[in-house]
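Chemist: To start, I am sharing the structure in question, which I have written as structure tokens.
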Amino acid sequence: MESSIKNTNLFQAWLVLLLATVFGTTLAGVQTKLGPVIEANKINETMEKIPTLTLGEAQAEKMTEQGNALVIEPRLIEISKNGIKKFYTVYDAYYKDGTRAGFVAKASGQGYADKIELLLGLDADASTITGLFILDQKETPGLGNKVIEKHWRDQFLNQSSDKGLVVVKGKSEGSHEIGAVSGATISSKSVTGIVNRTIADIKHQLILPPVSENDKIKENK
Amino acid sequence: MADQPTAFERFVQGILPENPVYRQLLGLCPTLAVSNGMKPALTMACSVAFVLLCANVVTSLIRNLLKPHLRIVVFTLTIATFVTIADRFLAAYLFQMSKTLGPYIPLIIVNCLIICRCEVCASKQSVFTAASDALGQALGFGLALSSIATVREIFGTGMFFGIRLLPSAWPDWVIMVLPPGAFITLGLLLGLVNWIGIVKSRRSVND
């Protein structure tokens with residue numbers, strides 16, 4: 001009887017099961033401790049990028065030099081599509097005098113390897129893309145992860161938001177075209193897809209923000 | 001186990017005689033991928049050192065409980081845990097570096113250097129020996145990584161640790177910081193190490 005218990009797979013694996021439990025608990029502890037710090041790092045990075053994404057690099061640097069900063073207010077936009085509710089975090093960027101500088105929306109979607117998280121900058125009337133920044137990705141190193149490079153992302157600059165962008169192989173010609181990273185068409189399409197979807201989802205909500213008490217006060221000023 | 005090397009021998013062997021990169025050709029993925037600058041190379045070397053030390057110590061502590069057919073699972077479990085800790089730690093306190101290294105920190109899990117040391121040394125020898133083996137191998141790995149990174153960063157960007165070393169007239173050899181530069185540098189340095197080894201052994205024969 002005793003030997004038959006000892007021969008079961010479950011008994012043989014007792015060390016593996018024990019270690020898995022101990023390690024799992026340790027990792028949960030580490031995540032509880034470090035998770036908030038990592039989140040704070042991500043939010044800091046987002047906040048730092050917003051001026052560049054709405055105003056462009058040169059303008060943003062100029063503003064920092066002059067000691068001016070944008071006023072950034074985050075809000076949550078709720079979308080219901082096919083009965084599924086989706087949320088977007090949008091940062092409204094205002095100049096000091098209260099005029100709108102632009103919007104930055106945080107969006108994510110499936111990439112080739114894992115979730116891609118990005119920031120999309122739009123101008124004050126949400127008609128033109130003013131910036132794109134990839135916050136998090138795990139695409140193939142050397143191929144797909146080239147989507148984080150500036151010269152690829154810069155293709156999105158000044159594209160109008162009235163029509164979806166299309167990924168083309170090779171160099172993009174004309175407007176609404178994004179040249180795919182060679183060898184990484186899926187990653188390129190993923191990023192472009194996230195951008196298109198985000199614009200389609202929230203564009204109308206950006207220009208006509210839900211009028212709340214706070215907004216009314218701002219408009220009266 | 002009379003024929004097993006002592007703790008001191010393990011430590012020394014790891015640095016040059018059994019250098020993980022130049023002698024055993026293990027752990028080449030991070031060696032090629034993150035050796036385009038000294039800062040990422042050293043961060044990677046430190047992360048590997050941490051994981052290797054912890055994995056070796058834990059494996060050595062439980063070596064008498066290991067079942068032969070389940071040992072690889074236990075090694076992988078142990079390594080994955082410490083790699084995740086290292087990854088989270090970097091993301092929390094060295095955020096930009098963690099982004100630069102990207103997937104290569106999680107990829108330490110499949111770095112065969114660590115599983116090799118668990119198998120060869122830690123699962124057979126005492127905790128002290130396993131720890132000094134880990135330190136020696138980690139030092140050897142660090143040396144190999146920084147030797148490649150030194151060559152690539154200086155020729156590729158004219159800088160060392162991000163500080164300008166060569167005059168600005170230096171035409172940066174961009175290829176050195178790109179993947180081909182990693183293969184070229186590794187190949188040349190590997191050849192150099194082998195050549196030195198051959199010359200040395202010839203001398204000792206002549207003596």
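Simple scheme: letters A, B, ... for chains in structure tokens order, numbers from 1 for residues in each chain, numbers from 1 for ligands in the order shown.
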Using only C-alpha atoms, find the residues of chain B whose closest atom to chain A is at most 10 Å away, then write them as a PyMOL selection string.

Modeler: chain B and resi 33+62+65-67+69-71+73-75+77-78+80-82+84-85+88-96+99+102-104+178-179

Chemist: Contacts of Gln159 in chain A at 10 Å or less, counting only C-alpha atoms, minus same-chain residues fewer than 5 places along, as a PyMOL selection string?

Modeler: chain A and resi 122+127-131+154+164-165+174-178

Chemist: How about saving the chosen residues, C-alpha atoms kept, as a PDB file, in the first residue's frame?

Modeler:
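Just written: selection_18.pdb:
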ATOM      1  CA  LEU A 122      -3.743  64.485 -31.523  1.00  0.00           C
ATOM      2  CA  SER A 127      -7.999  66.224 -36.825  1.00  0.00           C
ATOM      3  CA  THR A 128      -4.259  65.517 -37.139  1.00  0.00           C
ATOM      4  CA  ILE A 129      -1.915  63.036 -35.498  1.00  0.00           C
ATOM      5  CA  THR A 130       0.800  64.946 -33.692  1.00  0.00           C
ATOM      6  CA  GLY A 131       2.756  62.132 -32.129  1.00  0.00           C
ATOM      7  CA  ASP A 154       7.497  59.755 -37.473  1.00  0.00           C
ATOM      8  CA  GLY A 164      -7.907  55.055 -41.515  1.00  0.00           C
ATOM      9  CA  LEU A 165      -4.195  54.586 -42.181  1.00  0.00           C
ATOM     10  CA  GLY A 174       1.485  59.952 -50.091  1.00  0.00           C
ATOM     11  CA  SER A 175      -0.860  60.455 -47.209  1.00  0.00           C
ATOM     12  CA  HIS A 176      -2.636  57.761 -45.205  1.00  0.00           C
ATOM     13  CA  GLU A 177       0.142  55.318 -45.932  1.00  0.00           C
ATOM     14  CA  ILE A 178       2.554  53.802 -43.439  1.00  0.00           C
TER      15      ILE A 178
END

Chemist: Residues within 12 Å of Gly67 in chain A, please, as a ChimeraX atom specification. Count only C-alpha atoms; anything in the same chain fewer than 6 positions from it doesn't count.

Modeler: /A:60-61,96

Chemist: Once you have the residues from the selection above, write them out as a PDB file, in the first residue's frame, restricted to N, CA, C and O atoms.

Modeler:
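Below is the file that was written, again.pdb:
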ATOM      1  N   ALA A  60       8.021  71.628 -27.873  1.00  0.00           N
ATOM      2  CA  ALA A  60       7.995  71.192 -26.476  1.00  0.00           C
ATOM      3  C   ALA A  60       9.262  71.621 -25.758  1.00  0.00           C
ATOM      4  O   ALA A  60       9.227  72.082 -24.616  1.00  0.00           O
ATOM      5  N   GLU A  61      10.407  71.501 -26.457  1.00  0.00           N
ATOM      6  CA  GLU A  61      11.677  71.905 -25.847  1.00  0.00           C
ATOM      7  C   GLU A  61      11.708  73.390 -25.581  1.00  0.00           C
ATOM      8  O   GLU A  61      12.182  73.853 -24.550  1.00  0.00           O
ATOM      9  N   LYS A  96      -1.265  77.359 -20.437  1.00  0.00           N
ATOM     10  CA  LYS A  96      -1.571  78.015 -19.153  1.00  0.00           C
ATOM     11  C   LYS A  96      -2.820  78.881 -19.235  1.00  0.00           C
ATOM     12  O   LYS A  96      -3.576  79.014 -18.274  1.00  0.00           O
TER      13      LYS A  96
END

Chemist: To one decimal place, how far is CA of Phe141 in chain B from CA of Leu166 in chain B in Å?

Modeler: 26.7 Å

Chemist: Near range 147-152 of chain B, counting only C-alpha atoms, which residues have an atom at most 10 Å away, once you skip same-chain residues fewer than 4 positions from it, shown as a VMD selection string?

Modeler: chain B and resid 31 to 32 34 to 42 141 to 143 156 to 161 173 to 178 181 to 186 188 to 189

Chemist: With C-alpha atoms retained, export the selected residues as an mmCIF file, in the first residue's frame.

Modeler:
data_model
loop_
_atom_site.group_PDB
_atom_site.id
_atom_site.type_symbol
_atom_site.label_atom_id
_atom_site.label_comp_id
_atom_site.auth_asym_id
_atom_site.auth_seq_id
_atom_site.Cartn_x
_atom_site.Cartn_y
_atom_site.Cartn_z
ATOM 1 C CA THR B 31 26.226 38.084 -25.226
ATOM 2 C CA LEU B 32 25.336 39.002 -28.789
ATOM 3 C CA VAL B 34 23.104 43.424 -25.261
ATOM 4 C CA SER B 35 26.820 43.956 -25.776
ATOM 5 C CA ASN B 36 26.471 47.146 -27.843
ATOM 6 C CA GLY B 37 27.222 49.306 -24.821
ATOM 7 C CA MET B 38 28.906 48.910 -21.461
ATOM 8 C CA LYS B 39 25.894 49.961 -19.403
ATOM 9 C CA PRO B 40 23.427 47.360 -20.736
ATOM 10 C CA ALA B 41 26.212 44.738 -20.748
ATOM 11 C CA LEU B 42 27.019 45.282 -17.083
ATOM 12 C CA PHE B 141 30.466 35.952 -18.009
ATOM 13 C CA GLY B 142 30.778 39.591 -16.931
ATOM 14 C CA LEU B 143 34.343 39.771 -18.250
ATOM 15 C CA GLY B 156 30.593 51.887 -32.905
ATOM 16 C CA THR B 157 29.968 55.156 -31.093
ATOM 17 C CA GLY B 158 33.410 56.456 -30.089
ATOM 18 C CA MET B 159 32.220 56.379 -26.503
ATOM 19 C CA PHE B 160 32.824 54.296 -23.410
ATOM 20 C CA PHE B 161 30.144 54.123 -20.708
ATOM 21 C CA TRP B 173 31.302 52.346 -37.337
ATOM 22 C CA VAL B 174 27.552 51.933 -37.003
ATOM 23 C CA ILE B 175 27.797 48.267 -37.971
ATOM 24 C CA MET B 176 29.530 47.566 -34.660
ATOM 25 C CA VAL B 177 26.450 48.449 -32.605
ATOM 26 C CA LEU B 178 24.186 46.519 -34.982
ATOM 27 C CA GLY B 181 29.023 43.832 -35.203
ATOM 28 C CA ALA B 182 28.206 41.458 -32.358
ATOM 29 C CA PHE B 183 28.988 38.379 -34.445
ATOM 30 C CA ILE B 184 32.168 39.895 -35.909
ATOM 31 C CA THR B 185 33.481 41.003 -32.514
ATOM 32 C CA LEU B 186 32.629 37.715 -30.808
ATOM 33 C CA LEU B 188 37.479 37.826 -33.539
ATOM 34 C CA LEU B 189 37.769 37.784 -29.740
#

Chemist: Which neighbours of Lys81 in chain A fall inside 12 Å, counting only C-alpha atoms, when residues of the same chain fewer than 6 positions from it are skipped, and could you give them as a ChimeraX atom specification?

Modeler: /A:87,197,200-202

Chemist: Which of chain A end up as strand (DSSP E or B) when DSSP is run on this backbone - answer as a ChimeraX atom specification?

Modeler: /A:71-81,84-94,100-110,115-123,128-136,160,166-168,177-179

Chemist: One decimal, in Å: what's the spacing between CA of Val193 in chain B and CA of Tyr22 in chain B?

Modeler: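 That distance, rounded to one decimal, is 7.1 Å.
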
Chemist: Would you list the contacts of Ala86 in chain B as a VMD selection string, taking every protein, DNA or RNA residue within 8 Å and counting only C-alpha atoms, but skipping same-chain residues closer than 6 positions in sequence?

Modeler: chain B and resid 47 50 to 51 105

Chemist: Considering only C-alpha atoms, return as a PDB file with N, CA, C and O atoms, in the first residue's frame whatever protein or nucleic-acid residues lie within 12 Å of Leu76 in chain A, sequence-local ones (same chain, fewer than 6 positions apart) excluded.

Modeler:
ATOM      1  N   LYS A  86     -15.523  49.554 -23.366  1.00  0.00           N
ATOM      2  CA  LYS A  86     -14.073  49.732 -23.409  1.00  0.00           C
ATOM      3  C   LYS A  86     -13.733  51.079 -22.802  1.00  0.00           C
ATOM      4  O   LYS A  86     -14.517  52.020 -22.891  1.00  0.00           O
ATOM      5  N   PHE A  87     -12.561  51.145 -22.176  1.00  0.00           N
ATOM      6  CA  PHE A  87     -12.156  52.400 -21.555  1.00  0.00           C
ATOM      7  C   PHE A  87     -10.856  52.898 -22.160  1.00  0.00           C
ATOM      8  O   PHE A  87      -9.950  52.119 -22.431  1.00  0.00           O
ATOM      9  N   TYR A  88     -10.779  54.181 -22.391  1.00  0.00           N
ATOM     10  CA  TYR A  88      -9.533  54.804 -22.841  1.00  0.00           C
ATOM     11  C   TYR A  88      -9.144  55.873 -21.836  1.00  0.00           C
ATOM     12  O   TYR A  88     -10.002  56.637 -21.390  1.00  0.00           O
ATOM     13  N   THR A  89      -7.855  55.897 -21.476  1.00  0.00           N
ATOM     14  CA  THR A  89      -7.375  57.023 -20.681  1.00  0.00           C
ATOM     15  C   THR A  89      -6.920  58.090 -21.658  1.00  0.00           C
ATOM     16  O   THR A  89      -6.110  57.827 -22.544  1.00  0.00           O
ATOM     17  N   VAL A  90      -7.474  59.285 -21.500  1.00  0.00           N
ATOM     18  CA  VAL A  90      -7.101  60.384 -22.382  1.00  0.00           C
ATOM     19  C   VAL A  90      -6.559  61.517 -21.520  1.00  0.00           C
ATOM     20  O   VAL A  90      -7.103  61.817 -20.457  1.00  0.00           O
ATOM     21  N   TYR A  91      -5.455  62.096 -21.959  1.00  0.00           N
ATOM     22  CA  TYR A  91      -4.893  63.237 -21.237  1.00  0.00           C
ATOM     23  C   TYR A  91      -5.180  64.486 -22.055  1.00  0.00           C
ATOM     24  O   TYR A  91      -4.794  64.589 -23.211  1.00  0.00           O
ATOM     25  N   ASP A  92      -5.902  65.434 -21.453  1.00  0.00           N
ATOM     26  CA  ASP A  92      -6.136  66.714 -22.113  1.00  0.00           C
ATOM     27  C   ASP A  92      -4.981  67.628 -21.758  1.00  0.00           C
ATOM     28  O   ASP A  92      -4.656  67.780 -20.587  1.00  0.00           O
ATOM     29  N   VAL A 104      -3.734  63.424 -25.692  1.00  0.00           N
ATOM     30  CA  VAL A 104      -2.924  62.214 -25.801  1.00  0.00           C
ATOM     31  C   VAL A 104      -3.773  61.061 -25.297  1.00  0.00           C
ATOM     32  O   VAL A 104      -4.303  61.114 -24.185  1.00  0.00           O
ATOM     33  N   ALA A 105      -3.931  60.038 -26.120  1.00  0.00           N
ATOM     34  CA  ALA A 105      -4.730  58.890 -25.715  1.00  0.00           C
ATOM     35  C   ALA A 105      -3.815  57.695 -25.508  1.00  0.00           C
ATOM     36  O   ALA A 105      -2.861  57.486 -26.252  1.00  0.00           O
ATOM     37  N   LYS A 106      -4.121  56.949 -24.468  1.00  0.00           N
ATOM     38  CA  LYS A 106      -3.358  55.734 -24.206  1.00  0.00           C
ATOM     39  C   LYS A 106      -4.170  54.567 -24.750  1.00  0.00           C
ATOM     40  O   LYS A 106      -5.364  54.460 -24.474  1.00  0.00           O
ATOM     41  N   ALA A 107      -3.544  53.734 -25.559  1.00  0.00           N
ATOM     42  CA  ALA A 107      -4.298  52.635 -26.162  1.00  0.00           C
ATOM     43  C   ALA A 107      -3.436  51.386 -26.185  1.00  0.00           C
ATOM     44  O   ALA A 107      -2.216  51.462 -26.113  1.00  0.00           O
ATOM     45  N   ILE A 202     -12.639  57.091 -30.306  1.00  0.00           N
ATOM     46  CA  ILE A 202     -12.783  58.225 -29.378  1.00  0.00           C
ATOM     47  C   ILE A 202     -12.807  59.603 -30.035  1.00  0.00           C
ATOM     48  O   ILE A 202     -13.048  60.584 -29.349  1.00  0.00           O
ATOM     49  N   GLN A 205     -15.764  61.714 -29.354  1.00  0.00           N
ATOM     50  CA  GLN A 205     -15.905  62.045 -27.935  1.00  0.00           C
ATOM     51  C   GLN A 205     -14.905  63.107 -27.502  1.00  0.00           C
ATOM     52  O   GLN A 205     -15.119  63.810 -26.527  1.00  0.00           O
ATOM     53  N   LEU A 206     -13.778  63.186 -28.250  1.00  0.00           N
ATOM     54  CA  LEU A 206     -12.761  64.164 -27.870  1.00  0.00           C
ATOM     55  C   LEU A 206     -13.237  65.573 -28.167  1.00  0.00           C
ATOM     56  O   LEU A 206     -13.122  66.476 -27.345  1.00  0.00           O
ATOM     57  N   PRO A 209     -16.563  66.885 -25.674  1.00  0.00           N
ATOM     58  CA  PRO A 209     -16.410  66.237 -24.384  1.00  0.00           C
ATOM     59  C   PRO A 209     -17.726  66.284 -23.616  1.00  0.00           C
ATOM     60  O   PRO A 209     -18.490  67.241 -23.770  1.00  0.00           O
ATOM     61  N   PRO A 210     -18.038  65.253 -22.866  1.00  0.00           N
ATOM     62  CA  PRO A 210     -19.261  65.254 -22.080  1.00  0.00           C
ATOM     63  C   PRO A 210     -19.274  66.484 -21.172  1.00  0.00           C
ATOM     64  O   PRO A 210     -18.313  66.740 -20.461  1.00  0.00           O
TER      65      PRO A 210
END

Chemist: Which one of B:Thr100, B:Asn64, B:Gln137, B:Ser132 sits closest to Phe8 in chain B if you count only C-alpha atoms?

Modeler: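 Among the listed residues, the smallest separation from Phe8 in chain B belongs to B:Ser132.
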